[in-house]
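To be precise, the following lines are model.pdb, and they hold PDB, C-alpha atoms, pLDDT in the B column.
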```pdb
MODEL        1
ATOM      1  CA  MET A   1      93.395  59.649 263.088  1.00 49.00           C
ATOM      2  CA  GLY A   2      90.354  61.149 264.682  1.00 54.00           C
ATOM      3  CA  GLY A   3      91.118  60.408 268.318  1.00 60.00           C
ATOM      4  CA  ASP A   4      92.140  57.850 270.883  1.00 60.00           C
ATOM      5  CA  VAL A   5      88.754  56.154 271.421  1.00 62.00           C
ATOM      6  CA  GLY A   6      87.140  53.462 269.299  1.00 58.00           C
ATOM      7  CA  GLY A   7      90.115  51.393 268.224  1.00 58.00           C
ATOM      8  CA  ARG A   8      89.864  47.888 266.908  1.00 60.00           C
ATOM      9  CA  ARG A   9      86.486  46.307 267.512  1.00 58.00           C
ATOM     10  CA  SER A  10      85.956  42.595 268.111  1.00 62.00           C
ATOM     11  CA  ASP A  11      85.423  42.152 264.341  1.00 58.00           C
ATOM     12  CA  GLY A  12      88.825  43.740 263.605  1.00 53.00           C
ATOM     13  CA  MET A  13      87.394  46.953 262.166  1.00 56.00           C
ATOM     14  CA  ASP A  14      88.132  50.473 263.405  1.00 63.00           C
ATOM     15  CA  CYS A  15      85.473  53.054 264.175  1.00 70.00           C
ATOM     16  CA  ILE A  16      85.219  55.188 261.003  1.00 75.00           C
ATOM     17  CA  ASN A  17      83.728  58.684 260.897  1.00 79.00           C
ATOM     18  CA  LEU A  18      82.991  60.485 257.657  1.00 87.00           C
ATOM     19  CA  LEU A  19      82.716  64.270 257.124  1.00 88.00           C
ATOM     20  CA  HIS A  20      81.348  65.696 253.884  1.00 93.00           C
ATOM     21  CA  GLY A  21      78.960  68.183 252.299  1.00 93.00           C
ATOM     22  CA  LYS A  22      76.257  65.727 251.137  1.00 94.00           C
ATOM     23  CA  GLN A  23      72.731  65.693 252.590  1.00 92.00           C
ATOM     24  CA  TYR A  24      72.085  61.973 252.917  1.00 93.00           C
ATOM     25  CA  ALA A  25      69.064  60.722 254.857  1.00 91.00           C
ATOM     26  CA  GLY A  26      69.699  59.771 258.465  1.00 89.00           C
ATOM     27  CA  ILE A  27      73.025  61.554 258.916  1.00 93.00           C
ATOM     28  CA  THR A  28      74.059  64.174 261.442  1.00 93.00           C
ATOM     29  CA  LYS A  29      74.184  67.837 260.420  1.00 95.00           C
ATOM     30  CA  VAL A  30      77.204  69.463 262.101  1.00 92.00           C
ATOM     31  CA  VAL A  31      76.636  72.955 260.659  1.00 92.00           C
ATOM     32  CA  ASP A  32      75.178  74.194 257.362  1.00 94.00           C
ATOM     33  CA  GLY A  33      77.087  72.409 254.603  1.00 93.00           C
ATOM     34  CA  LEU A  34      78.905  69.921 256.862  1.00 94.00           C
ATOM     35  CA  TYR A  35      77.565  66.463 257.695  1.00 95.00           C
ATOM     36  CA  LEU A  36      78.736  63.401 259.622  1.00 92.00           C
ATOM     37  CA  GLY A  37      77.916  59.836 258.596  1.00 91.00           C
ATOM     38  CA  GLY A  38      76.524  58.202 255.490  1.00 92.00           C
ATOM     39  CA  LEU A  39      79.419  55.856 254.742  1.00 90.00           C
ATOM     40  CA  ASN A  40      77.314  53.392 252.728  1.00 91.00           C
ATOM     41  CA  GLU A  41      75.728  56.212 250.704  1.00 94.00           C
ATOM     42  CA  ALA A  42      79.144  57.751 250.036  1.00 94.00           C
ATOM     43  CA  ILE A  43      80.542  54.424 248.834  1.00 93.00           C
ATOM     44  CA  GLU A  44      77.580  53.988 246.482  1.00 96.00           C
ATOM     45  CA  ASP A  45      77.903  57.562 245.139  1.00 96.00           C
ATOM     46  CA  VAL A  46      81.607  57.048 244.416  1.00 96.00           C
ATOM     47  CA  LYS A  47      80.979  53.661 242.775  1.00 97.00           C
ATOM     48  CA  THR A  48      78.309  55.120 240.486  1.00 97.00           C
ATOM     49  CA  GLY A  49      80.227  58.319 239.683  1.00 97.00           C
ATOM     50  CA  ARG A  50      77.811  60.664 241.490  1.00 95.00           C
ATOM     51  CA  ALA A  51      80.670  61.735 243.787  1.00 94.00           C
ATOM     52  CA  GLN A  52      84.457  61.665 243.912  1.00 91.00           C
ATOM     53  CA  ALA A  53      86.275  59.977 246.791  1.00 89.00           C
ATOM     54  CA  ASP A  54      88.117  63.206 247.608  1.00 85.00           C
ATOM     55  CA  GLU A  55      84.796  64.876 248.495  1.00 88.00           C
ATOM     56  CA  PHE A  56      84.869  62.966 251.778  1.00 89.00           C
ATOM     57  CA  ARG A  57      87.147  63.077 254.822  1.00 85.00           C
ATOM     58  CA  PHE A  58      87.535  59.850 256.737  1.00 80.00           C
ATOM     59  CA  PHE A  59      88.618  59.666 260.372  1.00 76.00           C
ATOM     60  CA  SER A  60      89.533  56.529 262.229  1.00 74.00           C
ATOM     61  CA  ARG A  61      88.482  56.564 265.885  1.00 69.00           C
ATOM     62  CA  TYR A  62      87.091  59.534 267.797  1.00 71.00           C
ATOM     63  CA  CYS A  63      87.475  61.611 270.948  1.00 78.00           C
ATOM     64  CA  GLY A  64      84.993  61.354 273.780  1.00 81.00           C
ATOM     65  CA  TRP A  65      84.528  63.010 277.145  1.00 87.00           C
ATOM     66  CA  ALA A  66      82.332  62.645 280.203  1.00 91.00           C
ATOM     67  CA  ARG A  67      79.886  65.481 280.934  1.00 95.00           C
ATOM     68  CA  GLY A  68      81.883  68.645 281.701  1.00 96.00           C
ATOM     69  CA  GLN A  69      85.252  66.981 281.115  1.00 94.00           C
ATOM     70  CA  LEU A  70      86.026  68.773 277.846  1.00 93.00           C
ATOM     71  CA  ASN A  71      85.144  72.198 279.279  1.00 95.00           C
ATOM     72  CA  ASN A  72      87.402  71.484 282.240  1.00 96.00           C
ATOM     73  CA  GLU A  73      90.258  70.456 279.948  1.00 93.00           C
ATOM     74  CA  ILE A  74      89.801  73.579 277.780  1.00 94.00           C
ATOM     75  CA  ASN A  75      89.765  75.803 280.871  1.00 96.00           C
ATOM     76  CA  ALA A  76      92.934  74.070 282.113  1.00 97.00           C
ATOM     77  CA  GLY A  77      94.666  74.901 278.799  1.00 93.00           C
ATOM     78  CA  PHE A  78      94.923  71.346 277.468  1.00 91.00           C
ATOM     79  CA  TRP A  79      93.083  72.236 274.231  1.00 88.00           C
ATOM     80  CA  LEU A  80      93.228  75.149 271.833  1.00 84.00           C
ATOM     81  CA  VAL A  81      89.796  76.001 270.444  1.00 86.00           C
ATOM     82  CA  ALA A  82      89.680  77.410 266.921  1.00 83.00           C
ATOM     83  CA  ALA A  83      86.828  78.508 264.704  1.00 80.00           C
ATOM     84  CA  THR A  84      87.050  77.621 261.048  1.00 82.00           C
ATOM     85  CA  ASP A  85      84.778  77.362 258.026  1.00 86.00           C
ATOM     86  CA  VAL A  86      83.386  74.463 256.036  1.00 88.00           C
ATOM     87  CA  PRO A  87      85.563  75.093 252.947  1.00 85.00           C
ATOM     88  CA  THR A  88      88.696  74.803 255.080  1.00 82.00           C
ATOM     89  CA  LEU A  89      87.517  71.426 256.335  1.00 82.00           C
ATOM     90  CA  LEU A  90      86.350  70.078 252.988  1.00 83.00           C
ATOM     91  CA  GLU A  91      88.302  71.816 250.219  1.00 76.00           C
ATOM     92  CA  GLN A  92      91.685  71.063 251.747  1.00 62.00           C
ATOM     93  CA  ARG A  93      90.832  67.395 251.758  1.00 52.00           C
ATOM     94  CA  ASN A  94      94.013  66.394 249.939  1.00 51.00           C
ATOM     95  CA  THR A  95      96.294  67.834 252.605  1.00 65.00           C
ATOM     96  CA  ARG A  96      97.361  66.134 255.772  1.00 74.00           C
ATOM     97  CA  ALA A  97      95.339  66.999 258.888  1.00 74.00           C
ATOM     98  CA  TYR A  98      98.514  68.498 260.358  1.00 78.00           C
ATOM     99  CA  ASP A  99      98.756  70.954 257.431  1.00 79.00           C
ATOM    100  CA  MET A 100      95.118  71.950 257.843  1.00 79.00           C
ATOM    101  CA  TRP A 101      95.613  72.564 261.575  1.00 81.00           C
ATOM    102  CA  MET A 102      98.743  74.648 260.901  1.00 82.00           C
ATOM    103  CA  ASP A 103      96.761  76.736 258.383  1.00 82.00           C
ATOM    104  CA  ILE A 104      94.058  77.370 260.999  1.00 83.00           C
ATOM    105  CA  LEU A 105      96.668  78.300 263.630  1.00 85.00           C
ATOM    106  CA  SER A 106      98.289  80.687 261.153  1.00 86.00           C
ATOM    107  CA  ARG A 107      94.931  82.393 260.545  1.00 84.00           C
ATOM    108  CA  MET A 108      94.443  82.733 264.297  1.00 84.00           C
ATOM    109  CA  GLN A 109      97.842  84.407 264.628  1.00 85.00           C
ATOM    110  CA  GLN A 110      97.060  86.770 261.729  1.00 83.00           C
ATOM    111  CA  GLY A 111      93.846  87.743 263.487  1.00 72.00           C
ATOM    112  CA  LYS A 112      95.791  88.597 266.636  1.00 73.00           C
ATOM    113  CA  ASP A 113      98.261  90.712 264.657  1.00 73.00           C
ATOM    114  CA  GLN A 114      95.529  92.932 263.215  1.00 64.00           C
TER     115      GLN A 114
ENDMDL
END
```

Show how you would write the structure in this file as structure tokens.
Amino acid sequence: MGGDVGGRRSDGMDCINLLHGKQYAGITKVVDGLYLGGLNEAIEDVKTGRAQADEFRFFSRYCGWARGQLNNEINAGFWLVAATDVPTLLEQRNTRAYDMWMDILSRMQQGKDQ
């Protein structure tokens, strides 16, 4: 699950977001080596063998905030902000999101201990 917004649409489909390392035309660059979008291109690449399905992370739904709302929630302590790297997001694609988050939290704690 990617968030609590964007559930079932009128056509019965969920909002799907796709993270990956491919540079397809018309997608959103998040940071160097990490892109959002390109579902149709990803499907075609997997069908034709140019990519493996496990190169992509799919998220159903999303989170959204009004202007300033997220900063206010972070400042109030509702969210924990963590930096990570692209390999952590993409190379651990076969683990559950919970396991990835626990790995990131563990790294944060190790950083504090040093």

I'd like to see the residues matched by the PyMOL selection byres ((chain A and resi 58) around 7) on this file, and ideally I'd get them as a ChimeraX atom specification.
/A:16-19,56-57,59-60

My list of candidates is A:Gly77, A:Pro87, A:Gly111, A:Gly49. Which is closest to A:Gly33 when distances are computed with all atoms listed in the file?
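Among the listed residues, A:Pro87 lies closest to A:Gly33.
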
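Nearest to A:Leu89 of all the residues A:Val46, A:Ala76, A:Ala25, A:Val30 is A:Val30, based on all atoms listed in the file.
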
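The spacing separating atom CA of A:Arg107 from atom CA of A:Trp79 amounts to 17.1 Å.
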
If you apply the PyMOL selection byres ((chain A and resi 100) around 12) to this file, what residues do you get, as number ranges by chain?
A: 82, 84-85, 87-99, 101-107

Store the residues picked out above in a file with C-alpha atoms, as a CSV table (one decimal), in the frame of the given file.
```
chain,number,residue,atom,x,y,z
A,82,ALA,CA,89.7,77.4,266.9
A,84,THR,CA,87.0,77.6,261.0
A,85,ASP,CA,84.8,77.4,258.0
A,87,PRO,CA,85.6,75.1,252.9
A,88,THR,CA,88.7,74.8,255.1
A,89,LEU,CA,87.5,71.4,256.3
A,90,LEU,CA,86.4,70.1,253.0
A,91,GLU,CA,88.3,71.8,250.2
A,92,GLN,CA,91.7,71.1,251.7
A,93,ARG,CA,90.8,67.4,251.8
A,94,ASN,CA,94.0,66.4,249.9
A,95,THR,CA,96.3,67.8,252.6
A,96,ARG,CA,97.4,66.1,255.8
A,97,ALA,CA,95.3,67.0,258.9
A,98,TYR,CA,98.5,68.5,260.4
A,99,ASP,CA,98.8,71.0,257.4
A,101,TRP,CA,95.6,72.6,261.6
A,102,MET,CA,98.7,74.6,260.9
A,103,ASP,CA,96.8,76.7,258.4
A,104,ILE,CA,94.1,77.4,261.0
A,105,LEU,CA,96.7,78.3,263.6
A,106,SER,CA,98.3,80.7,261.2
A,107,ARG,CA,94.9,82.4,260.5
```

For atom CA of A:Phe78 and atom CA of A:Asp113, the interatomic separation in Å (one decimal):
23.5 Å

Quick one: residues within 10 Å of A:Lys22, only C-alpha atoms counted, chain neighbours fewer than 3 positions away excluded, as a count of residues only?
15

Please enclose the listed atoms of stretch 52-62 of chain A in an axis-aligned box, pad each side by 3 Å, and write out the centre and the three edge lengths in Å, rounded to one decimal, as lines of an AutoDock Vina configuration file.
```
center_x = 87.0
center_y = 60.7
center_z = 255.9
size_x = 11.1
size_y = 14.3
size_z = 29.9
```

At what distance in Å, to one decimal, does atom CA of A:Cys15 lie from atom CA of A:Tyr62?
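So the answer is 7.6 Å.
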
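Comparing A:Trp65, A:His20, A:Leu80, A:Thr28 by their smallest distance to A:Ala53, the closest is A:His20 (using only C-alpha atoms).
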